Structure formats: C-alpha cells, structure tokens
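*Asks:* upload_39.cif is reproduced below (mmCIF, C-alpha atoms).
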data_structure
loop_
_atom_site.label_atom_id
_atom_site.label_comp_id
_atom_site.auth_asym_id
_atom_site.auth_seq_id
_atom_site.Cartn_x
_atom_site.Cartn_y
_atom_site.Cartn_z
CA MET A 1287 -16.08 -99.58 15.72
CA LEU A 1288 -16.30 -97.31 18.76
CA ASP A 1289 -18.95 -94.61 18.80
CA TYR A 1290 -18.37 -91.16 20.24
CA ALA A 1291 -19.94 -92.04 23.59
CA ASP A 1292 -17.40 -94.84 24.05
CA VAL A 1293 -14.51 -92.44 23.42
CA VAL A 1294 -15.90 -89.90 25.90
CA ASP A 1295 -16.34 -92.65 28.48
CA ARG A 1296 -12.73 -93.74 27.92
CA LEU A 1297 -11.50 -90.18 28.38
CA ILE A 1298 -13.33 -89.72 31.65
CA GLY A 1299 -11.97 -92.93 33.16
CA GLN A 1300 -14.36 -92.62 36.09
CA THR A 1301 -16.92 -90.07 37.19
CA HIS A 1302 -15.68 -86.62 38.14
CA THR A 1303 -17.65 -83.68 39.43
CA PRO A 1304 -17.21 -80.82 36.97
CA PRO A 1305 -16.73 -77.26 38.25
CA ALA A 1306 -19.68 -74.99 38.87
CA CYS A 1307 -19.28 -73.14 35.58
CA HIS A 1308 -18.87 -76.04 33.18
CA THR A 1309 -20.43 -74.89 29.92
CA GLY A 1310 -19.38 -72.15 27.57
CA THR A 1311 -18.99 -71.23 23.91
CA LEU A 1312 -16.18 -71.35 21.39
CA ALA A 1313 -14.89 -67.88 20.56
CA ARG A 1314 -12.22 -68.45 17.90
CA LEU A 1315 -9.58 -70.72 16.44
CA VAL A 1316 -5.96 -69.49 16.59
CA GLY A 1317 -3.42 -71.78 14.97
CA MET A 1318 -3.83 -75.16 16.66
CA THR A 1319 -5.73 -73.86 19.70
CA LEU A 1320 -9.39 -73.13 20.33
CA GLU A 1321 -10.42 -70.27 22.61
CA ALA A 1322 -13.47 -70.82 24.80
CA ARG A 1323 -15.25 -68.25 26.99
CA GLY A 1324 -17.93 -68.42 29.63
CA ILE A 1325 -16.42 -71.58 31.08
CA MET A 1326 -14.10 -72.39 33.99
CA ALA A 1327 -11.91 -75.47 34.11
CA PRO A 1328 -8.43 -76.37 35.43
CA LEU A 1329 -5.40 -77.20 33.32
CA GLY A 1330 -5.64 -80.73 32.00
CA ALA A 1331 -9.43 -80.79 32.06
CA LEU A 1332 -11.13 -82.67 29.23
CA CYS A 1333 -13.83 -80.89 27.26
CA GLU A 1334 -16.38 -81.78 24.62
CA ILE A 1335 -17.08 -79.30 21.81
CA GLU A 1336 -20.31 -79.63 19.82
CA GLY A 1337 -20.94 -77.70 16.61
CA SER A 1338 -24.29 -76.52 15.28
CA ASN A 1339 -24.45 -79.53 12.95
CA GLY A 1340 -24.04 -81.98 15.83
CA GLN A 1341 -20.35 -82.64 15.10
CA LYS A 1342 -18.44 -83.37 18.33
CA ILE A 1343 -14.73 -83.35 19.15
CA SER A 1344 -12.74 -83.69 22.35
CA ALA A 1345 -10.10 -81.25 23.56
CA GLU A 1346 -7.87 -80.64 26.57
CA VAL A 1347 -7.33 -77.39 28.49
CA VAL A 1348 -3.71 -76.39 27.88
CA GLY A 1349 -3.78 -72.76 29.09
CA PHE A 1350 -5.89 -69.79 30.09
CA ASN A 1351 -5.85 -66.00 30.05
CA GLU A 1352 -8.28 -64.36 32.50
CA HIS A 1353 -11.70 -65.55 31.30
CA THR A 1354 -10.46 -67.34 28.19
CA LEU A 1355 -9.53 -71.02 28.09
CA TYR A 1356 -7.10 -72.37 25.48
CA LEU A 1357 -8.08 -75.82 24.25
CA MET A 1358 -6.05 -78.22 22.14
CA PRO A 1359 -8.26 -80.60 20.12
CA PHE A 1360 -7.49 -84.31 19.88
CA THR A 1361 -8.48 -84.36 16.20
CA GLU A 1362 -8.90 -81.84 13.40
CA PRO A 1363 -11.74 -79.44 14.43
CA VAL A 1364 -13.73 -80.10 11.25
CA GLY A 1365 -17.34 -78.91 11.45
CA ILE A 1366 -16.71 -76.75 14.52
CA GLY A 1367 -17.38 -73.01 14.22
CA PRO A 1368 -17.81 -69.87 16.36
CA GLY A 1369 -20.42 -70.24 19.06
CA ALA A 1370 -20.01 -74.01 19.36
CA SER A 1371 -20.96 -75.38 22.77
CA VAL A 1372 -18.08 -76.30 25.10
CA ARG A 1373 -18.74 -78.66 28.01
CA VAL A 1374 -16.38 -79.98 30.69
CA ILE A 1375 -16.53 -83.77 30.92
CA SER A 1376 -13.67 -84.37 33.36
CA ASN A 1377 -11.40 -82.26 35.55
CA SER A 1378 -8.38 -84.49 34.95
CA SER A 1379 -7.07 -87.35 32.84
CA GLU A 1380 -6.96 -90.89 34.14
CA ALA A 1381 -5.97 -94.26 32.76
CA ARG A 1382 -7.54 -97.66 33.22
CA LEU A 1383 -4.90 -100.26 33.96
CA GLY A 1384 -4.62 -103.99 34.40
CA ALA A 1385 -3.06 -107.23 33.21
CA ALA A 1386 -5.41 -107.20 30.19
CA LEU A 1387 -3.04 -104.66 28.58
CA LEU A 1388 -0.30 -107.27 28.15
CA GLY A 1389 0.21 -108.19 24.51
CA ARG A 1390 -1.85 -105.25 23.26
CA VAL A 1391 -1.19 -102.23 21.04
CA ILE A 1392 -3.13 -99.17 22.18
CA ASP A 1393 -3.36 -95.45 21.42
CA ALA A 1394 -3.09 -92.45 23.74
CA LEU A 1395 -6.64 -93.00 25.03
CA GLY A 1396 -6.11 -96.70 25.71
CA GLU A 1397 -8.14 -97.71 22.67
CA PRO A 1398 -6.92 -100.81 20.77
CA LEU A 1399 -4.97 -100.41 17.55
CA ASP A 1400 -4.46 -104.13 17.00
CA GLY A 1401 -8.03 -104.96 16.00
CA GLY A 1402 -8.84 -106.65 19.31
CA PRO A 1403 -11.50 -105.71 21.85
CA ARG A 1404 -11.01 -102.93 24.34
CA PRO A 1405 -8.81 -104.17 27.24
CA GLU A 1406 -10.98 -104.90 30.28
CA CYS A 1407 -9.12 -103.06 33.03
CA THR A 1408 -10.57 -102.26 36.45
CA ASP A 1409 -7.80 -100.22 38.12
CA THR A 1410 -7.67 -96.45 37.57
CA LEU A 1411 -4.73 -94.09 38.12
CA ALA A 1412 -4.09 -90.42 37.38
CA LEU A 1413 -2.25 -90.05 34.07
CA LEU A 1414 0.44 -87.83 35.61
CA GLY A 1415 1.27 -90.37 38.32
CA LEU A 1416 2.43 -89.66 41.88
CA PRO A 1417 5.93 -88.39 42.75
CA LEU A 1418 8.26 -90.67 44.69
CA ASN A 1419 10.16 -89.47 47.74
CA PRO A 1420 13.82 -89.77 46.66
CA MET A 1421 14.75 -91.03 50.13
CA GLU A 1422 12.36 -93.97 49.70
CA ARG A 1423 13.84 -95.19 46.42
CA GLY A 1424 15.85 -98.39 46.48
CA PRO A 1425 19.45 -98.47 45.21
CA ILE A 1426 20.55 -99.56 41.74
CA ASN A 1427 22.66 -102.56 42.70
CA GLN A 1428 21.68 -105.36 40.30
CA VAL A 1429 23.23 -105.79 36.86
CA LEU A 1430 20.78 -105.73 33.97
CA ASP A 1431 21.90 -108.14 31.24
CA VAL A 1432 20.82 -106.52 27.94
CA GLY A 1433 22.48 -109.13 25.72
CA VAL A 1434 24.54 -106.50 23.85
CA GLN A 1435 28.25 -107.13 24.38
CA ALA A 1436 29.45 -103.52 24.09
CA ILE A 1437 26.92 -102.37 26.71
CA ASN A 1438 27.22 -105.35 29.05
CA GLY A 1439 31.00 -105.13 29.18
CA LEU A 1440 31.88 -101.44 28.88
CA LEU A 1441 28.67 -99.54 29.74
CA THR A 1442 27.18 -101.94 32.28
CA MET A 1443 23.57 -101.10 33.12
CA GLY A 1444 21.71 -101.68 36.36
CA ARG A 1445 18.10 -102.61 37.01
CA GLY A 1446 16.22 -99.34 37.51
CA GLN A 1447 18.71 -97.20 35.57
CA ARG A 1448 17.62 -94.47 33.13
CA ILE A 1449 19.75 -94.22 30.01
CA GLY A 1450 19.61 -92.48 26.63
CA LEU A 1451 20.44 -93.75 23.14
CA ILE A 1452 21.71 -90.56 21.48
CA ALA A 1453 22.38 -90.23 17.76
CA GLY A 1454 21.43 -88.52 14.54
CA SER A 1455 18.95 -90.04 12.15
CA GLY A 1456 19.70 -93.31 10.39
CA VAL A 1457 22.57 -94.64 12.49
CA GLY A 1458 20.80 -97.58 14.13
CA LYS A 1459 18.93 -96.32 17.22
CA SER A 1460 15.83 -98.38 16.48
CA SER A 1461 17.86 -101.50 15.65
CA LEU A 1462 19.79 -101.27 18.92
CA LEU A 1463 16.54 -100.62 20.78
CA GLY A 1464 15.12 -103.75 19.19
CA MET A 1465 18.12 -105.82 20.28
CA ILE A 1466 17.75 -104.63 23.86
CA THR A 1467 14.01 -105.36 23.74
CA ARG A 1468 14.52 -108.94 22.57
CA PHE A 1469 17.51 -109.82 24.74
CA THR A 1470 16.72 -108.18 28.10
CA LYS A 1471 15.00 -110.34 30.70
CA ALA A 1472 12.07 -108.39 32.17
CA ASP A 1473 8.65 -109.24 33.60
CA VAL A 1474 6.92 -106.56 31.54
CA VAL A 1475 8.07 -104.45 28.59
CA VAL A 1476 6.30 -101.12 28.02
CA ILE A 1477 7.05 -99.45 24.69
CA GLY A 1478 6.08 -95.89 23.79
CA LEU A 1479 6.35 -95.08 20.07
CA ILE A 1480 5.86 -91.32 20.13
CA GLY A 1481 5.92 -89.07 17.07
CA GLU A 1482 7.54 -91.62 14.79
CA ARG A 1483 6.43 -92.72 11.32
CA GLY A 1484 3.27 -94.80 11.33
CA ARG A 1485 5.00 -97.47 9.23
CA GLU A 1486 7.51 -98.06 12.03
CA VAL A 1487 4.78 -99.05 14.51
CA GLN A 1488 3.83 -102.22 12.64
CA SER A 1489 7.45 -102.89 11.67
CA PHE A 1490 8.58 -102.68 15.30
CA ILE A 1491 5.85 -105.04 16.49
CA THR A 1492 6.24 -107.69 13.78
CA GLU A 1493 9.99 -107.59 13.14
CA VAL A 1494 11.42 -106.54 16.50
CA LEU A 1495 9.06 -107.96 19.12
CA GLY A 1496 7.73 -111.06 17.41
CA PRO A 1497 5.06 -113.29 19.01
CA GLU A 1498 7.15 -114.21 22.08
CA GLY A 1499 8.22 -110.65 22.88
CA ARG A 1500 4.76 -109.24 22.26
CA ALA A 1501 3.16 -111.55 24.86
CA LYS A 1502 4.82 -109.65 27.73
CA SER A 1503 4.80 -106.24 26.04
CA ILE A 1504 2.45 -103.28 25.92
CA VAL A 1505 2.86 -100.89 22.99
CA ILE A 1506 1.49 -97.34 23.14
CA ALA A 1507 1.58 -95.68 19.73
CA ALA A 1508 1.04 -92.02 18.85
CA PRO A 1509 2.57 -91.43 15.39
CA ALA A 1510 3.60 -88.09 13.98
CA ASN A 1511 0.27 -87.37 12.31
CA VAL A 1512 -1.75 -87.18 15.55
CA SER A 1513 -2.34 -84.05 17.63
CA PRO A 1514 0.57 -82.95 19.88
CA VAL A 1515 -1.69 -83.22 22.92
CA MET A 1516 -2.35 -86.85 22.00
CA ARG A 1517 1.39 -87.48 21.69
CA LEU A 1518 1.87 -86.09 25.21
CA LYS A 1519 -1.02 -88.17 26.57
CA ALA A 1520 0.57 -91.27 25.03
CA THR A 1521 3.85 -90.35 26.74
CA HIS A 1522 2.19 -90.04 30.14
CA LEU A 1523 0.21 -93.24 29.53
CA THR A 1524 3.46 -95.10 28.80
CA HIS A 1525 4.91 -93.93 32.10
CA VAL A 1526 1.83 -94.61 34.23
CA ILE A 1527 1.53 -98.17 32.84
CA ALA A 1528 5.19 -98.79 33.72
CA GLU A 1529 4.60 -97.33 37.21
CA TYR A 1530 1.55 -99.54 37.70
CA PHE A 1531 3.47 -102.76 37.06
CA ARG A 1532 6.54 -101.55 38.99
CA ASP A 1533 4.40 -100.95 42.08
CA GLN A 1534 3.31 -104.58 41.84
CA GLY A 1535 6.96 -105.51 42.39
CA LYS A 1536 7.72 -106.37 38.77
CA ASN A 1537 10.91 -105.74 36.83
CA VAL A 1538 9.75 -103.40 34.05
CA LEU A 1539 11.69 -102.42 30.94
CA MET A 1540 10.32 -99.17 29.51
CA LEU A 1541 11.41 -98.01 26.06
CA MET A 1542 10.55 -94.55 24.72
CA ASP A 1543 11.16 -93.76 21.06
CA SER A 1544 11.72 -90.87 21.12
CA LEU A 1545 12.24 -88.29 23.85
CA THR A 1546 12.97 -85.67 21.20
CA ARG A 1547 9.51 -86.12 19.61
CA VAL A 1548 7.97 -85.65 23.07
CA ALA A 1549 9.85 -82.36 23.33
CA HIS A 1550 8.56 -81.39 19.87
CA ALA A 1551 4.97 -82.04 20.98
CA GLN A 1552 5.39 -79.86 24.06
CA ARG A 1553 7.04 -77.18 21.93
CA GLU A 1554 4.06 -77.13 19.56
CA ILE A 1555 1.65 -76.73 22.47
CA GLY A 1556 3.75 -74.12 24.27
CA LEU A 1557 4.25 -71.93 21.21
CA ALA A 1558 0.57 -72.27 20.25
CA ILE A 1559 -0.59 -70.77 23.56
CA GLY A 1560 1.94 -67.93 23.44
CA GLU A 1561 4.84 -69.27 25.49
CA PRO A 1562 8.06 -67.46 24.50
CA PRO A 1563 10.73 -69.57 22.75
CA ALA A 1564 14.03 -70.04 24.51
CA ALA A 1565 16.88 -72.32 23.40
CA LYS A 1566 16.54 -73.33 19.73
CA GLY A 1567 12.86 -72.45 19.73
CA TYR A 1568 11.99 -74.68 22.68
CA PRO A 1569 9.87 -72.91 25.33
CA PRO A 1570 10.73 -73.28 29.05
CA SER A 1571 7.93 -75.80 29.60
CA VAL A 1572 9.91 -78.38 27.57
CA PHE A 1573 12.82 -78.18 29.99
CA ALA A 1574 10.43 -78.65 32.92
CA LEU A 1575 8.59 -81.58 31.32
CA LEU A 1576 11.51 -83.87 30.43
CA PRO A 1577 13.14 -84.18 33.91
CA ASN A 1578 9.69 -84.78 35.43
CA LEU A 1579 9.08 -87.65 33.02
CA ILE A 1580 12.46 -89.20 33.65
CA GLU A 1581 12.05 -89.01 37.44
CA ARG A 1582 8.89 -91.10 37.20
CA THR A 1583 11.02 -94.12 36.30
CA GLY A 1584 13.72 -95.92 38.29
CA VAL A 1585 13.69 -98.19 41.34
CA GLY A 1586 10.47 -98.22 43.35
CA ARG A 1587 9.91 -97.59 47.04
CA HIS A 1588 12.43 -99.50 49.18
CA GLY A 1589 13.51 -101.53 46.15
CA HIS A 1590 10.00 -102.83 45.49
CA GLY A 1591 9.96 -103.20 41.70
CA ALA A 1592 11.96 -101.19 39.17
CA ILE A 1593 11.53 -99.41 35.85
CA THR A 1594 14.62 -99.56 33.67
CA ALA A 1595 14.02 -96.75 31.18
CA ILE A 1596 15.71 -96.38 27.81
CA TYR A 1597 14.98 -93.20 25.88
CA THR A 1598 16.10 -92.57 22.33
CA VAL A 1599 17.26 -89.00 21.76
CA LEU A 1600 17.62 -87.57 18.26
CA ALA A 1601 20.66 -85.33 17.89
CA GLU A 1602 19.28 -83.19 15.09
CA GLY A 1603 21.89 -82.61 12.40
CA ASP A 1604 24.27 -84.81 14.45
CA ASP A 1605 24.55 -81.87 16.88
CA ALA A 1606 25.71 -83.31 20.20
CA GLN A 1607 25.09 -79.88 21.78
CA ASP A 1608 21.40 -79.85 20.88
CA PRO A 1609 19.42 -78.56 23.93
CA ILE A 1610 17.36 -81.76 24.18
CA VAL A 1611 20.55 -83.84 24.09
CA ASP A 1612 22.00 -81.60 26.82
CA ILE A 1613 19.03 -81.94 29.16
CA ALA A 1614 18.87 -85.69 28.52
CA ARG A 1615 22.53 -86.08 29.48
CA ALA A 1616 21.96 -84.01 32.62
CA SER A 1617 18.83 -85.91 33.71
CA LEU A 1618 19.65 -89.52 32.82
CA ASP A 1619 21.96 -92.01 34.54
CA GLY A 1620 24.11 -92.36 31.45
CA GLN A 1621 24.05 -92.34 27.67
CA VAL A 1622 25.04 -94.50 24.74
CA MET A 1623 26.30 -92.37 21.87
CA LEU A 1624 25.96 -93.75 18.36
CA SER A 1625 28.43 -92.60 15.71
CA ARG A 1626 27.59 -91.92 12.07
CA LYS A 1627 31.25 -92.52 11.23
CA LEU A 1628 31.07 -96.05 12.64
CA ALA A 1629 27.71 -96.70 10.97
CA ASP A 1630 29.14 -95.59 7.62
CA ALA A 1631 31.93 -98.14 8.14
CA ALA A 1632 29.29 -100.89 8.70
CA HIS A 1633 30.30 -101.15 12.38
CA TYR A 1634 27.06 -102.18 14.13
CA PRO A 1635 25.89 -101.43 16.71
CA ALA A 1636 27.59 -98.09 16.05
CA ILE A 1637 28.36 -97.43 19.72
CA ASP A 1638 31.03 -94.78 20.20
CA LEU A 1639 32.72 -95.31 23.56
CA ASN A 1640 33.91 -91.70 23.46
CA GLY A 1641 31.03 -89.81 25.03
CA SER A 1642 29.18 -92.93 26.23
CA ILE A 1643 28.97 -93.60 29.96
CA SER A 1644 27.04 -95.55 32.57
CA ARG A 1645 27.00 -93.54 35.80
CA VAL A 1646 26.14 -96.55 37.98
CA MET A 1647 28.68 -98.96 36.51
CA GLN A 1648 31.12 -98.53 39.41
CA ASN A 1649 28.39 -99.71 41.81
CA LEU A 1650 27.67 -102.87 39.83
CA LEU A 1651 31.05 -104.43 38.97
CA PRO A 1652 33.80 -105.85 41.20
CA PRO A 1653 36.88 -103.58 41.26
CA ASP A 1654 38.94 -105.93 39.07
CA ASP A 1655 36.27 -106.12 36.35
CA LEU A 1656 35.76 -102.35 36.47
CA LYS A 1657 39.51 -101.83 36.03
CA LEU A 1658 39.56 -104.13 32.97
CA ALA A 1659 36.56 -102.39 31.39
CA ASN A 1660 38.13 -98.97 31.90
CA ARG A 1661 41.37 -100.27 30.39
CA VAL A 1662 39.56 -101.36 27.23
CA ARG A 1663 37.80 -97.98 27.01
CA ARG A 1664 41.13 -96.18 27.36
CA LEU A 1665 42.78 -98.22 24.61
CA TRP A 1666 39.85 -97.54 22.27
CA SER A 1667 40.03 -93.82 23.03
CA LEU A 1668 43.79 -93.67 22.53
CA TYR A 1669 43.51 -95.23 19.09
CA GLN A 1670 40.73 -92.82 18.10
CA GLN A 1671 42.74 -89.81 19.26
CA ASN A 1672 45.82 -90.87 17.29
CA GLN A 1673 44.10 -92.44 14.30
CA ASP A 1674 45.19 -89.78 11.82
CA LEU A 1675 48.86 -90.12 12.82
CA ILE A 1676 48.66 -93.90 12.67
CA SER A 1677 46.88 -93.90 9.28
CA VAL A 1678 49.51 -91.73 7.55
CA GLY A 1679 52.41 -93.59 9.14
CA ALA A 1680 53.53 -90.62 11.24
CA TYR A 1681 53.40 -92.61 14.48
CA GLU A 1682 56.57 -94.57 15.24
CA MET A 1683 56.04 -97.87 17.04
CA GLY A 1684 57.70 -97.94 20.46
CA SER A 1685 57.09 -94.26 21.13
CA ASN A 1686 54.25 -94.97 23.57
CA PRO A 1687 53.58 -98.45 25.04
CA GLU A 1688 49.86 -97.73 25.51
CA ILE A 1689 49.38 -96.62 21.92
CA ASP A 1690 51.35 -99.67 20.78
CA GLN A 1691 48.92 -101.87 22.71
CA ALA A 1692 45.92 -99.95 21.29
CA ILE A 1693 47.21 -100.56 17.74
CA ALA A 1694 47.80 -104.26 18.46
CA LEU A 1695 44.28 -104.63 19.85
CA ARG A 1696 42.47 -102.53 17.26
CA GLU A 1697 41.08 -105.30 15.09
CA ARG A 1698 40.19 -107.59 18.00
CA LEU A 1699 38.51 -104.73 19.84
CA ALA A 1700 36.49 -103.69 16.79
CA THR A 1701 35.31 -107.29 16.42
CA PHE A 1702 34.40 -107.42 20.12
CA LEU A 1703 32.24 -104.28 19.81
CA GLN A 1704 30.32 -105.51 16.76
CA GLN A 1705 27.32 -107.80 17.03
CA GLY A 1706 24.53 -109.10 14.79
CA THR A 1707 20.98 -107.92 15.47
CA HIS A 1708 19.87 -111.48 16.35
CA GLU A 1709 23.05 -112.50 18.16
CA VAL A 1710 22.81 -112.42 21.96
CA VAL A 1711 25.88 -112.34 24.23
CA ASP A 1712 25.17 -112.70 27.95
CA PHE A 1713 26.87 -110.77 30.74
CA GLN A 1714 29.16 -113.56 31.97
CA THR A 1715 30.36 -114.36 28.45
CA THR A 1716 31.10 -110.66 27.94
CA ARG A 1717 33.19 -110.45 31.13
CA GLN A 1718 35.28 -113.42 30.05
CA GLY A 1719 35.63 -111.92 26.58
CA ILE A 1720 37.17 -108.75 28.05
CA ARG A 1721 39.69 -110.79 30.07
CA ASP A 1722 40.66 -112.80 26.99
CA LEU A 1723 40.94 -109.63 24.91
CA LEU A 1724 43.43 -107.96 27.25
CA ALA A 1725 45.32 -111.18 27.89
CA ALA A 1726 45.99 -111.51 24.17
CA SER A 1727 47.80 -108.16 24.12
CA ALA A 1728 49.73 -108.58 27.36
CA PRO A 1729 53.51 -108.21 26.88
#
Would you mind writing the file's structure down as structure tokens?
*Replies:*
Amino acid sequence: MLDYADVVDRLIGQTHTPPACHTGTLARLVGMTLEARGIMAPLGALCEIEGSNGQKISAEVVGFNEHTLYLMPFTEPVGIGPGASVRVISNSSEARLGAALLGRVIDALGEPLDGGPRPECTDTLALLGLPLNPMERGPINQVLDVGVQAINGLLTMGRGQRIGLIAGSGVGKSSLLGMITRFTKADVVVIGLIGERGREVQSFITEVLGPEGRAKSIVIAAPANVSPVMRLKATHLTHVIAEYFRDQGKNVLMLMDSLTRVAHAQREIGLAIGEPPAAKGYPPSVFALLPNLIERTGVGRHGHGAITAIYTVLAEGDDAQDPIVDIARASLDGQVMLSRKLADAAHYPAIDLNGSISRVMQNLLPPDDLKLANRVRRLWSLYQQNQDLISVGAYEMGSNPEIDQAIALRERLATFLQQGTHEVVDFQTTRQGIRDLLAASAP
C-alpha cells in the first residue's frame, strides 16, 4: 500500500525548482475547484494541500484570476477547510517511462492497478509531449492488417493512421475495438480506458486482451468515478507512453476508449473555472484539446516508428452531427461508422459503409484493387438507397443494371461484411474475397 509520500514522489517525477512564491492558503471551494491565494504557480503545476488536521490531498492548477489560483483536486477534498496550507511541489507534470510498463495496468499517476509492484522506469518525459514538425513526419504507405474483413477490404488502414470508431451506445464499439486489438500485429499496444465503467476495465483485460495480448500491452485506466483532471492526466499519459515507444522505432497501436469521455472531462474543468459554454455546452478549450491530442499520434520523424491511433467516439443519442463527432471527423484520417439498424439485425460488426471512409486508402492499394473495393461500396450504397422500393416490390428488375447487380449480391455481400469476434481474416484473404464476390455477379 503506497503512503502519501510515495504518491507525491510519483507526481513530481523528478526534482523541479518551485517558483519564488510557492506557499499560500486555501480561500474557498466553488463547485469542483479550490481557490488559493498568496501563491504563484503556472498552469499545470502540482500542489499539495494540507488541512489543519493533517489531511493532505494533491491538486493541479487549472486556471487563475489575478492573484487567485484555481485548483482541481485529484480526490474528494475531505478534511480540507478554509485556511488550509497550499504548497507547490512541481511546476509541471512528468511521466516515468520504460519497458517495465509492458504487461501492466496503471492509473493516471502511473501507479499499478493490477496488484503488482510499481514499474521501475528510469526515463522521464513531459506529460504533454513535444510537437512534431509536420514536414519531418514520414508518409503513411504501409497497409495495417487489422484482421477485420470489412475494414481490410473496404476501409483499408495504414500504419500510422488515425481513425475513429463512431457510434451510439450499445452497438458494438468495444467488441470491434477488441477484435482489432487481438488481430493487429504491433510491437506495443497502448490502451487508454478513459471515463468508462470500472467493470469494463477488468472485462477488457481478461476477455479481450487475454494473457498473450496483455504481455505486449500497457493499459491506462481512469474510470468515470475519478476526478476529471485525473481522466485528462490518464489521456496524456496514454499518448506520451505511445510516443515513447514510437520514438524507439516501434510499431505502436494506441487505442483510446473514448474520445468523447475525454471531451467530457475537459468540459467539466472548463465550466468549473468559468469558461463560457459554446456548442452543446462544450467550452472552446475542448475544441482546442482534441486536435492537439490527435496530432501527437501518427508516423514518427522520417518514418522512424509509428503510432496507429484508434479512438472510439460516442455519438450521443445516435446524433451523427454531435460537435465531438464533427471535430473527430475533421481531425482524423478517417472513420468507421457503426449502425444501430445493422446491430439490431444481428449484423456484426455493425459497420455501415455509408459514412465510413479511410482517407489514406488510395495511397495503400494498387489501382485495380482500389477500383474493386469502390465497386463493392457503390453496390452496397445503391441497395441501401433503394431498399424501401425493393422491399415493397416497387422496383422492376431490368430497370437499372447496377441495382440489379446490387440485389443479386446483397446476401453474399452481407455475409462478407459479417465476422465473428474471434474469427480473423487477413488482408490477402480479404482481397481475394472481394475478387471472388464481384466475379460471382459478373454478367
């Protein structure tokens, strides 16, 4: 069991020189934020608050107003009252990194959640990472085989691509994420479980990863019941761990479940410190945070290592125009849309080709294969657009050769797009399957 000194030491990462005015007092508690006066510290600084009864908690500076600092505590501020001592313990957040993290489940502070000892890591990096010059990034020119036939064949992904799994609740995002986790060949898998139910953390590790997958994986968990600042720290920790292994030249698969919960955490912090709400209650800081996170992933300098990032995005109320869905579509290199209608029909994975796209697919496939994939997508779309007419018998066969072909291929195509959660289909098998599919309907 870690004592408080261990937690403070973990927060600091390594010694920092605090600013000249580094002690003050707690003035008041407003909502989720604490206001401290008589102290100077930069945004992101880590502070220790000690009550009159000796109770101590940690907090992060999330805002300021003239001589007042706004602090967000990591835990419930129980036992802390007016006049409590506030002390700066670090000017910034850092993470300790190393190979010892492989196979471990940790929290936002890097502390173990799996019952094992603290990972012995010697390297230290800033939690917010370092920006990459876009002109130094390598190209996305290698196919990433994810083992899912619908994605391999019709939404082909590349190593270093950033893509979103977009859907409402309960249509199979986590199951599809699990399939990709098990089937994709990567040197390191970094998984951020942010703002989800605590039950899903253990379920994901035992049922989805399994012993073999866990050996090369690092899981960072910050469930919904922890402080929003801890959820954001876990998000940044997930990204900096992925960056660390990418810069060693490794092929990293980073999974974030979910980007929407990250936006919720930033919304809670922004509104708590007085930031005005904008679209659907989200303050402007949310729309600045998400693109910055996404840009931390991708191909490394001059093609040295790559982070393939897959973010789940919750379309609340199945609203495809949700502002978080919009910014995800604008910032990512493609999206996989999941359909409740298909899920209700027991069509799994419930990938809806209408609205799904891989923006790097044309750079990865030979022209002939790209033409065949686009042909299959068109036939699927044509059937969907005319489904009502076909169902009621209003469409007359022979009226449109393309629609005739779409009707003839409907059952075979639906079978092609469905796949069991433990059934893997490699990229080459998928390409041949598309050729066979279209050959069967050729006149």
*Asks:* Return the single residue from A:Asp1431, A:Glu1709, A:Glu1682, A:Glu1362 that is closest to Ile1343 of chain A, with distances computed using only C-alpha atoms.
*Replies:*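 Ranked by minimum distance to Ile1343 of chain A, first place goes to A:Glu1362.
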*Asks:* Pull out every residue that the PyMOL selection byres ((chain A and resi 1529-1536) around 7) matches in the shown coordinates and put them as a list in words.
*Replies:* Asp1473, His1525, Val1526, Ile1527, Ala1528, Asn1537, Val1538, Gly1586, His1590, Gly1591, Ala1592 and Ile1593 of chain A
*Asks:* Care to translate the PyMOL selection byres ((chain A and resi 1555-1565) around 9) into actual residues of this file, as a list in words?
*Replies:* Val1316, Gly1317, Met1318, Thr1319, Val1348, Gly1349, Phe1350, Tyr1356, Met1358, Pro1514, Val1515, His1550, Ala1551, Gln1552, Arg1553, Glu1554, Lys1566, Gly1567, Tyr1568, Pro1569, Pro1570, Ser1571, Val1572 and Pro1609 of chain A
*Asks:* Could you give me, as JSON lines, every segment 1511-1549 of chain A residue with an atom at most 6 Å from segment 1379-1399 of chain A, plus its closest atom pair and distance in Å to one decimal, counting all atoms listed in the file, rows ordered by chain then number?
*Replies:*
{"residue": "A:Met1516", "atom": "CA", "partner": "A:Ala1394", "partner_atom": "CA", "distance": 5.9}
{"residue": "A:Lys1519", "atom": "CA", "partner": "A:Ala1394", "partner_atom": "CA", "distance": 5.5}
{"residue": "A:Ala1520", "atom": "CA", "partner": "A:Ala1394", "partner_atom": "CA", "distance": 4.1}
*Asks:* With C-alpha atoms retained, write the just-selected residues as a PDB file, in the frame of the given file.
*Replies:*
ATOM      1  CA  MET A1516      -2.350 -86.850  22.000  1.00  0.00           C
ATOM      2  CA  LYS A1519      -1.020 -88.170  26.570  1.00  0.00           C
ATOM      3  CA  ALA A1520       0.570 -91.270  25.030  1.00  0.00           C
TER       4      ALA A1520
END
*Asks:* Could you expand the PyMOL selection byres ((chain A and resi 1324-1335) around 7) into the explicit residues it covers here, written as a PyMOL selection string?
*Replies:* chain A and resi 1305+1307-1311+1322-1323+1336-1337+1342-1349+1370-1379
*Asks:* Please provide as a VMD selection string all residues within 9 Å of Arg1500 of chain A, with the sequence filter that same-chain residues fewer than 4 positions apart are discarded (counting all atoms listed in the file).
*Replies:* chain A and resid 1388 to 1390 1475 1491 to 1492 1495 to 1496 1504 to 1505
*Asks:* Record the distance separating atom CA of Ala1614 of chain A and atom CA of Gly1450 of chain A, expressed in Å with one decimal.
*Replies:* 7.1 Å
*Asks:* Distance atom CA of Asp1630 of chain A-atom CA of Met1443 of chain A, one decimal place?
*Replies:* 26.7 Å
